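What follows is protein-v2.pdb (PDB, C-alpha atoms and all ligand atoms).
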```
ATOM      1  CA  MET M   1      -3.592  -0.819 -33.284
ATOM      2  CA  ALA M   2      -4.881   2.741 -32.864
ATOM      3  CA  LEU M   3      -1.922   4.017 -30.855
ATOM      4  CA  ALA M   4       0.938   2.716 -32.972
ATOM      5  CA  GLY M   5       2.618   5.433 -35.027
ATOM      6  CA  ARG M   6       0.889   8.204 -33.131
ATOM      7  CA  ARG M   7       2.849  11.193 -31.841
ATOM      8  CA  PHE M   8       2.662  12.122 -28.176
ATOM      9  CA  PRO M   9       2.631  15.718 -26.901
ATOM     10  CA  ARG M  10       5.979  17.301 -26.064
ATOM     11  CA  PRO M  11       6.309  18.552 -22.483
ATOM     12  CA  LYS M  12       7.032  22.283 -22.142
ATOM     13  CA  GLN M  13      10.311  21.445 -20.420
ATOM     14  CA  THR M  14      12.378  18.298 -20.177
ATOM     15  CA  ARG M  15      10.762  15.927 -17.686
ATOM     16  CA  VAL M  16      13.351  14.183 -15.541
ATOM     17  CA  ILE M  17      11.752  11.108 -14.009
ATOM     18  CA  THR M  18      13.422   8.676 -11.680
ATOM     19  CA  VAL M  19      12.051   5.144 -11.689
ATOM     20  CA  SER M  20      12.440   3.894  -8.176
ATOM     21  CA  ASN M  21      11.395   1.224  -5.703
ATOM     22  CA  GLN M  22      13.860  -0.216  -3.218
ATOM     23  CA  LYS M  23      12.504  -3.688  -3.875
ATOM     24  CA  GLY M  24      14.304  -5.680  -6.541
ATOM     25  CA  GLY M  25      12.486  -7.472  -9.322
ATOM     26  CA  VAL M  26       9.383  -5.280  -9.361
ATOM     27  CA  GLY M  27       9.851  -4.096 -12.941
ATOM     28  CA  LYS M  28      11.883  -0.885 -12.583
ATOM     29  CA  THR M  29      14.254  -1.639 -15.422
ATOM     30  CA  THR M  30      11.577  -3.159 -17.642
ATOM     31  CA  THR M  31       9.407  -0.102 -17.116
ATOM     32  CA  THR M  32      12.253   2.359 -17.714
ATOM     33  CA  VAL M  33      13.396   0.891 -21.017
ATOM     34  CA  ASN M  34       9.961   0.168 -22.449
ATOM     35  CA  LEU M  35       8.450   3.537 -21.557
ATOM     36  CA  ALA M  36      11.580   5.198 -22.934
ATOM     37  CA  ALA M  37      11.344   3.256 -26.199
ATOM     38  CA  ALA M  38       7.611   3.937 -26.529
ATOM     39  CA  LEU M  39       8.071   7.675 -25.946
ATOM     40  CA  ALA M  40      10.925   7.775 -28.476
ATOM     41  CA  GLN M  41       8.905   5.842 -31.055
ATOM     42  CA  ALA M  42       6.163   8.435 -30.618
ATOM     43  CA  GLY M  43       8.581  11.146 -31.764
ATOM     44  CA  LEU M  44       9.973  12.376 -28.438
ATOM     45  CA  ARG M  45      13.679  12.741 -27.641
ATOM     46  CA  VAL M  46      14.554  10.475 -24.723
ATOM     47  CA  LEU M  47      17.633   9.698 -22.621
ATOM     48  CA  VAL M  48      17.905   6.761 -20.232
ATOM     49  CA  LEU M  49      20.400   7.160 -17.388
ATOM     50  CA  ASP M  50      21.331   3.721 -16.107
ATOM     51  CA  ILE M  51      22.541   4.101 -12.514
ATOM     52  CA  ASP M  52      22.170   0.470 -11.457
ATOM     53  CA  PRO M  53      25.601  -1.264 -11.388
ATOM     54  CA  GLN M  54      23.882  -4.354 -12.841
ATOM     55  CA  GLY M  55      23.496  -2.416 -16.094
ATOM     56  CA  ASN M  56      20.265  -4.208 -17.011
ATOM     57  CA  ALA M  57      18.768  -1.148 -18.695
ATOM     58  CA  SER M  58      21.911  -0.786 -20.835
ATOM     59  CA  THR M  59      21.639  -4.452 -21.835
ATOM     60  CA  ALA M  60      17.965  -4.161 -22.736
ATOM     61  CA  LEU M  61      18.668  -1.133 -24.921
ATOM     62  CA  GLY M  62      21.446  -2.953 -26.792
ATOM     63  CA  ILE M  63      24.107  -0.605 -25.357
ATOM     64  CA  ASP M  64      27.707  -1.722 -24.867
ATOM     65  CA  HIS M  65      28.568  -1.548 -21.160
ATOM     66  CA  HIS M  66      31.607  -3.758 -20.590
ATOM     67  CA  ALA M  67      34.044  -2.578 -17.940
ATOM     68  CA  GLU M  68      36.121  -0.201 -20.132
ATOM     69  CA  VAL M  69      33.201   1.736 -21.607
ATOM     70  CA  PRO M  70      32.822   5.341 -20.334
ATOM     71  CA  SER M  71      29.764   5.268 -18.116
ATOM     72  CA  VAL M  72      27.704   6.949 -15.439
ATOM     73  CA  TYR M  73      30.502   5.947 -13.052
ATOM     74  CA  ASP M  74      32.836   8.424 -14.790
ATOM     75  CA  VAL M  75      30.129  11.082 -14.658
ATOM     76  CA  LEU M  76      29.501  10.671 -10.932
ATOM     77  CA  VAL M  77      33.009  10.038  -9.658
ATOM     78  CA  ASP M  78      35.276  11.860 -12.137
ATOM     79  CA  GLY M  79      32.961  14.612 -13.345
ATOM     80  CA  MET M  80      33.007  13.445 -16.970
ATOM     81  CA  PRO M  81      30.304  15.214 -19.044
ATOM     82  CA  ILE M  82      27.256  13.076 -19.840
ATOM     83  CA  LYS M  83      27.734  13.774 -23.550
ATOM     84  CA  ASP M  84      31.008  11.800 -23.436
ATOM     85  CA  VAL M  85      29.318   8.631 -22.177
ATOM     86  CA  VAL M  86      26.003   8.683 -24.067
ATOM     87  CA  GLN M  87      25.407   6.056 -26.748
ATOM     88  CA  LYS M  88      22.619   5.896 -29.297
ATOM     89  CA  CYS M  89      20.179   3.004 -29.007
ATOM     90  CA  PRO M  90      20.704   0.861 -32.138
ATOM     91  CA  ASP M  91      17.045  -0.118 -32.592
ATOM     92  CA  VAL M  92      15.086   3.023 -31.757
ATOM     93  CA  ASP M  93      15.557   6.541 -33.147
ATOM     94  CA  ASN M  94      15.558   9.482 -30.710
ATOM     95  CA  LEU M  95      16.636   7.216 -27.865
ATOM     96  CA  TRP M  96      19.987   7.462 -26.082
ATOM     97  CA  CYS M  97      21.475   5.789 -23.033
ATOM     98  CA  ALA M  98      24.212   6.656 -20.556
ATOM     99  CA  PRO M  99      25.293   3.128 -19.608
ATOM    100  CA  ALA M 100      26.141   1.652 -16.226
ATOM    101  CA  THR M 101      29.232  -0.492 -15.842
ATOM    102  CA  ILE M 102      30.154  -2.741 -12.964
ATOM    103  CA  ASP M 103      32.455   0.059 -11.613
ATOM    104  CA  LEU M 104      29.309   1.758 -10.431
ATOM    105  CA  ALA M 105      29.082  -0.793  -7.609
ATOM    106  CA  GLY M 106      32.061   0.981  -6.029
ATOM    107  CA  ALA M 107      30.648   4.450  -6.602
ATOM    108  CA  GLU M 108      28.263   4.107  -3.699
ATOM    109  CA  ILE M 109      31.313   4.116  -1.382
ATOM    110  CA  GLU M 110      33.582   6.404  -3.421
ATOM    111  CA  LEU M 111      30.908   9.098  -3.493
ATOM    112  CA  VAL M 112      30.855   9.357   0.302
ATOM    113  CA  SER M 113      34.094  11.358   0.431
ATOM    114  CA  LEU M 114      33.413  13.592  -2.592
ATOM    115  CA  VAL M 115      32.146  17.176  -2.447
ATOM    116  CA  ALA M 116      28.478  17.729  -3.243
ATOM    117  CA  ARG M 117      28.064  13.968  -3.217
ATOM    118  CA  GLU M 118      24.258  14.131  -3.461
ATOM    119  CA  SER M 119      24.050  16.533  -6.384
ATOM    120  CA  ARG M 120      26.703  15.306  -8.799
ATOM    121  CA  LEU M 121      24.195  13.735 -11.171
ATOM    122  CA  GLN M 122      21.966  16.815 -11.043
ATOM    123  CA  LYS M 123      24.869  19.091 -12.049
ATOM    124  CA  ALA M 124      25.852  16.814 -14.915
ATOM    125  CA  VAL M 125      22.244  16.614 -16.130
ATOM    126  CA  ALA M 126      21.847  20.404 -16.034
ATOM    127  CA  VAL M 127      24.956  20.868 -18.213
ATOM    128  CA  TYR M 128      23.826  18.165 -20.640
ATOM    129  CA  LEU M 129      20.342  19.635 -21.001
ATOM    130  CA  GLU M 130      21.815  23.058 -21.817
ATOM    131  CA  GLU M 131      24.172  21.574 -24.415
ATOM    132  CA  GLN M 132      21.335  19.643 -26.049
ATOM    133  CA  GLU M 133      19.078  22.667 -26.187
ATOM    134  CA  ALA M 134      21.832  24.795 -27.721
ATOM    135  CA  GLY M 135      22.857  22.050 -30.144
ATOM    136  CA  PRO M 136      20.927  19.069 -31.528
ATOM    137  CA  GLY M 137      17.629  19.913 -29.819
ATOM    138  CA  ARG M 138      15.902  19.827 -26.477
ATOM    139  CA  LEU M 139      15.414  16.473 -24.789
ATOM    140  CA  ASP M 140      11.813  15.702 -23.837
ATOM    141  CA  TYR M 141      12.399  12.981 -21.253
ATOM    142  CA  ILE M 142      15.175  11.670 -19.065
ATOM    143  CA  LEU M 143      14.309   8.392 -17.337
ATOM    144  CA  ILE M 144      16.648   7.212 -14.588
ATOM    145  CA  ASP M 145      16.786   3.494 -13.790
ATOM    146  CA  CYS M 146      17.645   3.111 -10.102
ATOM    147  CA  PRO M 147      19.233   0.249  -8.179
ATOM    148  CA  PRO M 148      17.073  -1.532  -5.589
ATOM    149  CA  SER M 149      18.407   0.408  -2.609
ATOM    150  CA  LEU M 150      18.161   3.861  -1.133
ATOM    151  CA  GLY M 151      21.882   4.639  -1.106
ATOM    152  CA  LEU M 152      23.796   7.557  -2.615
ATOM    153  CA  LEU M 153      23.158   6.469  -6.205
ATOM    154  CA  THR M 154      19.404   6.646  -5.665
ATOM    155  CA  VAL M 155      19.780   9.901  -3.716
ATOM    156  CA  ASN M 156      21.608  11.361  -6.733
ATOM    157  CA  ALA M 157      18.686  10.316  -8.923
ATOM    158  CA  PHE M 158      16.174  11.911  -6.539
ATOM    159  CA  VAL M 159      18.118  15.168  -6.530
ATOM    160  CA  ALA M 160      18.441  15.218 -10.331
ATOM    161  CA  ALA M 161      14.761  14.509 -11.060
ATOM    162  CA  GLN M 162      11.516  16.413 -10.606
ATOM    163  CA  GLU M 163       9.337  13.326 -10.645
ATOM    164  CA  VAL M 164       9.368   9.837  -9.193
ATOM    165  CA  LEU M 165       7.692   6.969 -11.011
ATOM    166  CA  ILE M 166       7.103   3.912  -8.830
ATOM    167  CA  PRO M 167       6.447   0.557 -10.475
ATOM    168  CA  ILE M 168       4.477  -1.698  -8.156
ATOM    169  CA  GLN M 169       4.293  -5.416  -8.701
ATOM    170  CA  CYS M 170       0.784  -6.765  -8.182
ATOM    171  CA  GLU M 171       1.577  -9.331  -5.518
ATOM    172  CA  TYR M 172       1.405  -9.848  -1.785
ATOM    173  CA  TYR M 173       3.804  -7.524   0.111
ATOM    174  CA  ALA M 174       3.635  -5.037  -2.761
ATOM    175  CA  LEU M 175       2.993  -2.141  -0.420
ATOM    176  CA  GLU M 176       5.572  -3.190   2.107
ATOM    177  CA  GLY M 177       8.476  -0.797   2.037
ATOM    178  CA  LEU M 178       6.477   1.765   0.108
ATOM    179  CA  SER M 179       6.098   4.003   3.162
ATOM    180  CA  GLN M 180       9.877   4.015   3.561
ATOM    181  CA  LEU M 181      10.277   5.036  -0.079
ATOM    182  CA  LEU M 182       7.733   7.836   0.359
ATOM    183  CA  ARG M 183       9.502   9.028   3.535
ATOM    184  CA  ASN M 184      12.748   9.195   1.614
ATOM    185  CA  VAL M 185      11.140  11.182  -1.175
ATOM    186  CA  ASP M 186       9.839  13.611   1.487
ATOM    187  CA  LEU M 187      13.261  13.898   3.097
ATOM    188  CA  ILE M 188      14.900  14.719  -0.236
ATOM    189  CA  LYS M 189      12.117  17.168  -1.007
ATOM    190  CA  GLY M 190      12.618  18.899   2.345
ATOM    191  CA  HIS M 191      16.389  19.142   2.226
ATOM    192  CA  LEU M 192      17.795  18.798  -1.249
ATOM    193  CA  ASN M 193      15.154  19.097  -3.987
ATOM    194  CA  PRO M 194      11.897  20.970  -3.287
ATOM    195  CA  GLN M 195      10.463  20.022  -6.701
ATOM    196  CA  LEU M 196      10.557  16.274  -6.142
ATOM    197  CA  HIS M 197       7.205  14.489  -6.055
ATOM    198  CA  VAL M 198       5.717  11.092  -6.840
ATOM    199  CA  SER M 199       3.917  11.810 -10.096
ATOM    200  CA  THR M 200       3.216   8.336 -11.407
ATOM    201  CA  ILE M 201       2.586   4.797 -10.238
ATOM    202  CA  LEU M 202       2.466   1.898 -12.673
ATOM    203  CA  LEU M 203       1.048  -1.498 -11.735
ATOM    204  CA  THR M 204       3.172  -4.224 -13.311
ATOM    205  CA  MET M 205       3.045  -7.991 -13.727
ATOM    206  CA  TYR M 206      -0.696  -7.853 -13.352
ATOM    207  CA  ASP M 207      -2.416 -11.209 -13.593
ATOM    208  CA  GLY M 208      -6.089 -10.693 -14.364
ATOM    209  CA  ARG M 209      -6.908 -14.273 -13.398
ATOM    210  CA  THR M 210      -5.954 -13.900  -9.765
ATOM    211  CA  ARG M 211      -7.944 -12.122  -7.073
ATOM    212  CA  LEU M 212      -4.678 -11.103  -5.466
ATOM    213  CA  SER M 213      -3.641  -8.930  -8.424
ATOM    214  CA  SER M 214      -6.927  -7.068  -8.465
ATOM    215  CA  GLN M 215      -6.926  -6.697  -4.669
ATOM    216  CA  VAL M 216      -3.447  -5.180  -4.717
ATOM    217  CA  ALA M 217      -4.445  -2.919  -7.621
ATOM    218  CA  ASP M 218      -7.547  -1.725  -5.727
ATOM    219  CA  GLU M 219      -5.535  -1.048  -2.609
ATOM    220  CA  VAL M 220      -2.898   0.962  -4.489
ATOM    221  CA  ARG M 221      -5.578   2.961  -6.329
ATOM    222  CA  ALA M 222      -7.308   3.725  -3.018
ATOM    223  CA  HIS M 223      -4.055   5.147  -1.597
ATOM    224  CA  PHE M 224      -2.931   6.999  -4.714
ATOM    225  CA  THR M 225      -6.037   8.246  -6.452
ATOM    226  CA  THR M 226      -4.433  10.512  -9.062
ATOM    227  CA  GLU M 227      -0.965   9.029  -9.531
ATOM    228  CA  VAL M 228      -1.800   5.496 -10.648
ATOM    229  CA  LEU M 229      -1.959   5.056 -14.421
ATOM    230  CA  LYS M 230      -5.154   3.440 -15.717
ATOM    231  CA  THR M 231      -3.079   1.055 -17.785
ATOM    232  CA  THR M 232      -1.679  -1.983 -16.015
ATOM    233  CA  VAL M 233       1.137  -4.079 -17.464
ATOM    234  CA  PRO M 234       0.280  -7.784 -17.670
ATOM    235  CA  ARG M 235       2.659 -10.617 -17.007
ATOM    236  CA  SER M 236       4.025 -11.422 -20.443
ATOM    237  CA  VAL M 237       6.645 -13.887 -21.577
ATOM    238  CA  ARG M 238       7.580 -11.574 -24.476
ATOM    239  CA  ILE M 239       8.464  -8.798 -22.006
ATOM    240  CA  SER M 240      10.843 -11.090 -20.123
ATOM    241  CA  GLU M 241      12.393 -12.541 -23.312
ATOM    242  CA  ALA M 242      13.210  -9.201 -24.947
ATOM    243  CA  PRO M 243      16.322  -8.269 -22.853
ATOM    244  CA  SER M 244      18.139 -11.478 -23.824
ATOM    245  CA  HIS M 245      17.936 -10.207 -27.415
ATOM    246  CA  GLY M 246      19.315  -6.804 -26.370
ATOM    247  CA  GLN M 247      15.944  -5.273 -27.134
ATOM    248  CA  THR M 248      12.923  -3.711 -25.542
ATOM    249  CA  VAL M 249       9.620  -5.467 -26.124
ATOM    250  CA  MET M 250       8.639  -2.409 -28.183
ATOM    251  CA  THR M 251      10.910  -3.634 -31.008
ATOM    252  CA  TYR M 252      11.147  -7.318 -30.093
ATOM    253  CA  ASP M 253       7.413  -7.930 -30.414
ATOM    254  CA  PRO M 254       5.515  -4.669 -30.973
ATOM    255  CA  ALA M 255       2.135  -6.391 -31.353
ATOM    256  CA  SER M 256       2.371  -8.327 -28.078
ATOM    257  CA  SER M 257       0.134  -7.461 -25.145
ATOM    258  CA  GLY M 258       3.182  -6.328 -23.166
ATOM    259  CA  ALA M 259       4.307  -3.872 -25.850
ATOM    260  CA  LEU M 260       0.796  -2.522 -26.325
ATOM    261  CA  SER M 261       0.350  -1.933 -22.616
ATOM    262  CA  TYR M 262       3.688  -0.112 -22.311
ATOM    263  CA  LEU M 263       2.694   1.994 -25.336
ATOM    264  CA  GLU M 264      -0.599   2.876 -23.660
ATOM    265  CA  ALA M 265       1.147   3.611 -20.341
ATOM    266  CA  ALA M 266       3.612   5.872 -22.188
ATOM    267  CA  ARG M 267       0.713   7.756 -23.785
ATOM    268  CA  GLU M 268      -0.867   8.302 -20.360
ATOM    269  CA  LEU M 269       2.467   9.493 -18.980
ATOM    270  CA  ALA M 270       2.973  11.884 -21.895
ATOM    271  CA  GLU M 271      -0.561  13.235 -21.636
ATOM    272  CA  GLN M 272      -0.122  14.146 -17.960
ATOM    273  CA  VAL M 273       1.339  17.424 -19.243
ATOM    274  CA  LEU M 274      -1.883  18.406 -21.031
ATOM    275  CA  ASP M 275      -4.393  20.659 -19.322
ATOM    276  CA  GLU M 276      -8.146  20.028 -19.423
ATOM    277  CA  SER M 277      -8.869  21.716 -22.779
ATOM    278  CA  GLU M 278      -5.856  20.198 -24.523
ATOM    279  CA  ARG M 279      -6.960  16.801 -23.284
ATOM    280  CA  GLU M 280     -10.425  17.261 -24.800
ATOM    281  CA  GLN M 281      -8.882  18.357 -28.079
ATOM    282  CA  GLN M 282      -6.609  15.326 -28.086
ATOM    283  CA  GLY M 283      -9.684  13.144 -27.498
ATOM    284  CA  GLU M 284     -11.549  14.766 -30.410
ATOM    285  CA  ASN M 285      -8.620  14.328 -32.771
ATOM    286  CA  THR M 286      -8.171  10.696 -32.008
ATOM    287  CA  GLY M 287     -11.606   9.421 -31.126
ATOM    288  CA  ASP M 288     -12.381   7.449 -28.037
ATOM    289  CA  ARG M 289      -9.554   5.124 -27.159
ATOM    290  CA  SER M 290     -10.764   3.661 -23.928
TER     291      SER M 290
HETATM  292  P1  LIG X   1      13.836  -4.461 -11.285
HETATM  293  O1  LIG X   1      14.549  -3.541 -12.222
HETATM  294  O2  LIG X   1      12.854  -3.747 -10.416
HETATM  295  O3  LIG X   1      14.770  -5.321 -10.493
HETATM  296  P2  LIG X   1      13.099  -5.924 -13.674
HETATM  297  O4  LIG X   1      12.495  -4.922 -14.575
HETATM  298  O5  LIG X   1      14.517  -6.318 -13.929
HETATM  299  O6  LIG X   1      12.930  -5.462 -12.163
HETATM  300  O7  LIG X   1      12.154  -7.212 -13.678
HETATM  301  C1  LIG X   1      12.471  -8.358 -12.905
HETATM  302  C2  LIG X   1      12.254  -9.610 -13.747
HETATM  303  O8  LIG X   1      10.888  -9.715 -14.090
HETATM  304  C3  LIG X   1      13.021  -9.579 -15.062
HETATM  305  O9  LIG X   1      13.451 -10.889 -15.343
HETATM  306  C4  LIG X   1      11.996  -9.124 -16.079
HETATM  307  O10 LIG X   1      12.261  -9.623 -17.361
HETATM  308  C5  LIG X   1      10.730  -9.730 -15.497
HETATM  309  N1  LIG X   1       9.526  -8.918 -15.823
HETATM  310  C6  LIG X   1       9.350  -7.598 -15.599
HETATM  311  N2  LIG X   1       8.129  -7.195 -15.989
HETATM  312  C7  LIG X   1       7.505  -8.309 -16.484
HETATM  313  C8  LIG X   1       6.208  -8.577 -17.046
HETATM  314  N3  LIG X   1       5.296  -7.608 -17.168
HETATM  315  N4  LIG X   1       5.936  -9.834 -17.432
HETATM  316  C9  LIG X   1       6.853 -10.820 -17.289
HETATM  317  N5  LIG X   1       8.056 -10.647 -16.780
HETATM  318  C10 LIG X   1       8.414  -9.405 -16.369
HETATM  319 MG    MG X   2      16.624  -3.158 -12.395
END
```

I'd like the structure from this file rewritten - as structure tokens, please.
Ligand code: ADP
Ligand code: MG
Amino acid sequence: MALAGRRFPRPKQTRVITVSNQKGGVGKTTTTVNLAAALAQAGLRVLVLDIDPQGNASTALGIDHHAEVPSVYDVLVDGMPIKDVVQKCPDVDNLWCAPATIDLAGAEIELVSLVARESRLQKAVAVYLEEQEAGPGRLDYILIDCPPSLGLLTVNAFVAAQEVLIPIQCEYYALEGLSQLLRNVDLIKGHLNPQLHVSTILLTMYDGRTRLSSQVADEVRAHFTTEVLKTTVPRSVRISEAPSHGQTVMTYDPASSGALSYLEAARELAEQVLDESEREQQGENTGDRS
């Protein structure tokens, strides 16, 4: 495979991307962990922040997140530094995870009475990024895996990030609720984080055999002409099996169609930072990949 083993361009600054969609089961966690693993395998330094109390991203990355483990809960509620909760992913170099434990379910309520309740994650991230830059090296990506709601945990993610990545499942009702998500992004942009914007949309669980999948894909592309990645992620049994082995599909079955599509999506994401001339150069160096 042409892409495997290739290095992706480093962004000029750390990109903090929140993966969000208030619908459950659309592929947020799957997208977060597999893009993160693919970016790390391509030589970039990547941190996953798991802010979903379910802790599915932590599980998929093989990260211990039983109740006593220091986690994003301690960061948000007690002000613990991120560096004290981060664990290294056992299967992928350059990939770290701040795990979520079940305590985080209570954080949504505990946060309400705390000062600066919307910006606690942002402050912790800023400190961590400075420490990394001064010490082991600058992080290239932080991906935040959000719960399926628009509560204070998600608000914290929106305030900490510059970019929103929305996974959209190619099925009926896919666009329902999307306008509410976009309104929320606008609200946060207006009041708490002027940088925030939807930079990327990824179509997931695409089934090429059904008209419905291609209709939904066409509709999303018509609405979001520049944000939607060309790559779509197919429905793949290997993708859904990987988490039960504490792995991403990138290590569980790197040659599978699911892994290859996440690798391609990660390349597209990474190459968003290139300008026109750099893009051409990249194309010349690597030949035509389309
Ligand atoms: P969310 O985080 O939005 O709730 P998940 O990423 O957990 O969604 O995905 C929901 C379920 O669908 C999980 O069981 C996951 O393994 C499965 N899944 C996600 N993407 C795919 C795919 N491309 N092919 C097959 N199963 C998938
Ligand atoms: Mg999830």

Residues of region 91-209 of chain M that have any atom at most 8 Å from an atom of region 41-58 of chain M: could you tabulate them with the shortest-distance atom pair and the distance in Å to one decimal, using all atoms listed in the file, ordered by chain and increasing number, as JSON lines?
```
{"residue": "M:Val92", "atom": "CA", "partner": "M:Gln41", "partner_atom": "CA", "distance": 6.8}
{"residue": "M:Asp93", "atom": "CA", "partner": "M:Gln41", "partner_atom": "CA", "distance": 7.0}
{"residue": "M:Asn94", "atom": "CA", "partner": "M:Arg45", "partner_atom": "CA", "distance": 4.9}
{"residue": "M:Leu95", "atom": "CA", "partner": "M:Val46", "partner_atom": "CA", "distance": 5.0}
{"residue": "M:Trp96", "atom": "CA", "partner": "M:Leu47", "partner_atom": "CA", "distance": 4.7}
{"residue": "M:Cys97", "atom": "CA", "partner": "M:Val48", "partner_atom": "CA", "distance": 4.6}
{"residue": "M:Ala98", "atom": "CA", "partner": "M:Leu49", "partner_atom": "CA", "distance": 5.0}
{"residue": "M:Pro99", "atom": "CA", "partner": "M:Ser58", "partner_atom": "CA", "distance": 5.3}
{"residue": "M:Ala100", "atom": "CA", "partner": "M:Gly55", "partner_atom": "CA", "distance": 4.9}
{"residue": "M:Thr101", "atom": "CA", "partner": "M:Pro53", "partner_atom": "CA", "distance": 5.8}
{"residue": "M:Ile102", "atom": "CA", "partner": "M:Pro53", "partner_atom": "CA", "distance": 5.0}
{"residue": "M:Asp103", "atom": "CA", "partner": "M:Pro53", "partner_atom": "CA", "distance": 7.0}
{"residue": "M:Leu104", "atom": "CA", "partner": "M:Pro53", "partner_atom": "CA", "distance": 4.9}
{"residue": "M:Ala105", "atom": "CA", "partner": "M:Pro53", "partner_atom": "CA", "distance": 5.2}
{"residue": "M:Arg138", "atom": "CA", "partner": "M:Arg45", "partner_atom": "CA", "distance": 7.5}
{"residue": "M:Leu139", "atom": "CA", "partner": "M:Arg45", "partner_atom": "CA", "distance": 5.0}
{"residue": "M:Asp140", "atom": "CA", "partner": "M:Arg45", "partner_atom": "CA", "distance": 5.2}
{"residue": "M:Tyr141", "atom": "CA", "partner": "M:Val46", "partner_atom": "CA", "distance": 4.8}
{"residue": "M:Ile142", "atom": "CA", "partner": "M:Leu47", "partner_atom": "CA", "distance": 4.8}
{"residue": "M:Leu143", "atom": "CA", "partner": "M:Val48", "partner_atom": "CA", "distance": 4.9}
{"residue": "M:Ile144", "atom": "CA", "partner": "M:Leu49", "partner_atom": "CA", "distance": 4.7}
{"residue": "M:Asp145", "atom": "CA", "partner": "M:Asp50", "partner_atom": "CA", "distance": 5.1}
{"residue": "M:Cys146", "atom": "CA", "partner": "M:Asp52", "partner_atom": "CA", "distance": 5.4}
{"residue": "M:Pro147", "atom": "CA", "partner": "M:Asp52", "partner_atom": "CA", "distance": 4.4}
{"residue": "M:Leu153", "atom": "CA", "partner": "M:Ile51", "partner_atom": "CA", "distance": 6.8}
{"residue": "M:Thr154", "atom": "CA", "partner": "M:Ile51", "partner_atom": "CA", "distance": 8.0}
```

Checklist entry - Which chains and residue numbers are within 8 Å of ligand LIG 1 (chain X), counting all atoms listed in the file, if I want them as a VMD selection string? => result chain M and resid 20 to 21 23 to 32 56 145 to 148 167 204 to 206 233 to 243 258

Convert the current residue selection to file output with C-alpha atoms, as a PDB file, in the frame of the given file.
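Resulting contents of part-v6.pdb:
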```
ATOM      1  CA  SER M  20      12.440   3.894  -8.176  1.00  0.00           C
ATOM      2  CA  ASN M  21      11.395   1.224  -5.703  1.00  0.00           C
ATOM      3  CA  LYS M  23      12.504  -3.688  -3.875  1.00  0.00           C
ATOM      4  CA  GLY M  24      14.304  -5.680  -6.541  1.00  0.00           C
ATOM      5  CA  GLY M  25      12.486  -7.472  -9.322  1.00  0.00           C
ATOM      6  CA  VAL M  26       9.383  -5.280  -9.361  1.00  0.00           C
ATOM      7  CA  GLY M  27       9.851  -4.096 -12.941  1.00  0.00           C
ATOM      8  CA  LYS M  28      11.883  -0.885 -12.583  1.00  0.00           C
ATOM      9  CA  THR M  29      14.254  -1.639 -15.422  1.00  0.00           C
ATOM     10  CA  THR M  30      11.577  -3.159 -17.642  1.00  0.00           C
ATOM     11  CA  THR M  31       9.407  -0.102 -17.116  1.00  0.00           C
ATOM     12  CA  THR M  32      12.253   2.359 -17.714  1.00  0.00           C
ATOM     13  CA  ASN M  56      20.265  -4.208 -17.011  1.00  0.00           C
ATOM     14  CA  ASP M 145      16.786   3.494 -13.790  1.00  0.00           C
ATOM     15  CA  CYS M 146      17.645   3.111 -10.102  1.00  0.00           C
ATOM     16  CA  PRO M 147      19.233   0.249  -8.179  1.00  0.00           C
ATOM     17  CA  PRO M 148      17.073  -1.532  -5.589  1.00  0.00           C
ATOM     18  CA  PRO M 167       6.447   0.557 -10.475  1.00  0.00           C
ATOM     19  CA  THR M 204       3.172  -4.224 -13.311  1.00  0.00           C
ATOM     20  CA  MET M 205       3.045  -7.991 -13.727  1.00  0.00           C
ATOM     21  CA  TYR M 206      -0.696  -7.853 -13.352  1.00  0.00           C
ATOM     22  CA  VAL M 233       1.137  -4.079 -17.464  1.00  0.00           C
ATOM     23  CA  PRO M 234       0.280  -7.784 -17.670  1.00  0.00           C
ATOM     24  CA  ARG M 235       2.659 -10.617 -17.007  1.00  0.00           C
ATOM     25  CA  SER M 236       4.025 -11.422 -20.443  1.00  0.00           C
ATOM     26  CA  VAL M 237       6.645 -13.887 -21.577  1.00  0.00           C
ATOM     27  CA  ARG M 238       7.580 -11.574 -24.476  1.00  0.00           C
ATOM     28  CA  ILE M 239       8.464  -8.798 -22.006  1.00  0.00           C
ATOM     29  CA  SER M 240      10.843 -11.090 -20.123  1.00  0.00           C
ATOM     30  CA  GLU M 241      12.393 -12.541 -23.312  1.00  0.00           C
ATOM     31  CA  ALA M 242      13.210  -9.201 -24.947  1.00  0.00           C
ATOM     32  CA  PRO M 243      16.322  -8.269 -22.853  1.00  0.00           C
ATOM     33  CA  GLY M 258       3.182  -6.328 -23.166  1.00  0.00           C
TER      34      GLY M 258
END
```

Next on the checklist: Calculated over only C-alpha atoms, which of the candidates M:Lys83, M:Arg267, M:His66, M:Arg211 has the smallest distance to Ala37 (chain M)?
Outcome noted: M:Arg267

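Taking CA of Ile168 (chain M) and CA of Leu203 (chain M) as endpoints, the distance between them is 5.0 Å.
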
Specify as a CSV table (one decimal) with C-alpha atoms, in the coordinates of the input each residue included when the PyMOL selection byres (((chain M and resi 12) around 12) and not hetatm) is applied to this file.
```csv
chain,number,residue,atom,x,y,z
M,9,PRO,CA,2.6,15.7,-26.9
M,10,ARG,CA,6.0,17.3,-26.1
M,11,PRO,CA,6.3,18.6,-22.5
M,13,GLN,CA,10.3,21.4,-20.4
M,14,THR,CA,12.4,18.3,-20.2
M,15,ARG,CA,10.8,15.9,-17.7
M,138,ARG,CA,15.9,19.8,-26.5
M,139,LEU,CA,15.4,16.5,-24.8
M,140,ASP,CA,11.8,15.7,-23.8
M,141,TYR,CA,12.4,13.0,-21.3
M,270,ALA,CA,3.0,11.9,-21.9
M,271,GLU,CA,-0.6,13.2,-21.6
M,272,GLN,CA,-0.1,14.1,-18.0
M,273,VAL,CA,1.3,17.4,-19.2
M,274,LEU,CA,-1.9,18.4,-21.0
M,275,ASP,CA,-4.4,20.7,-19.3
```
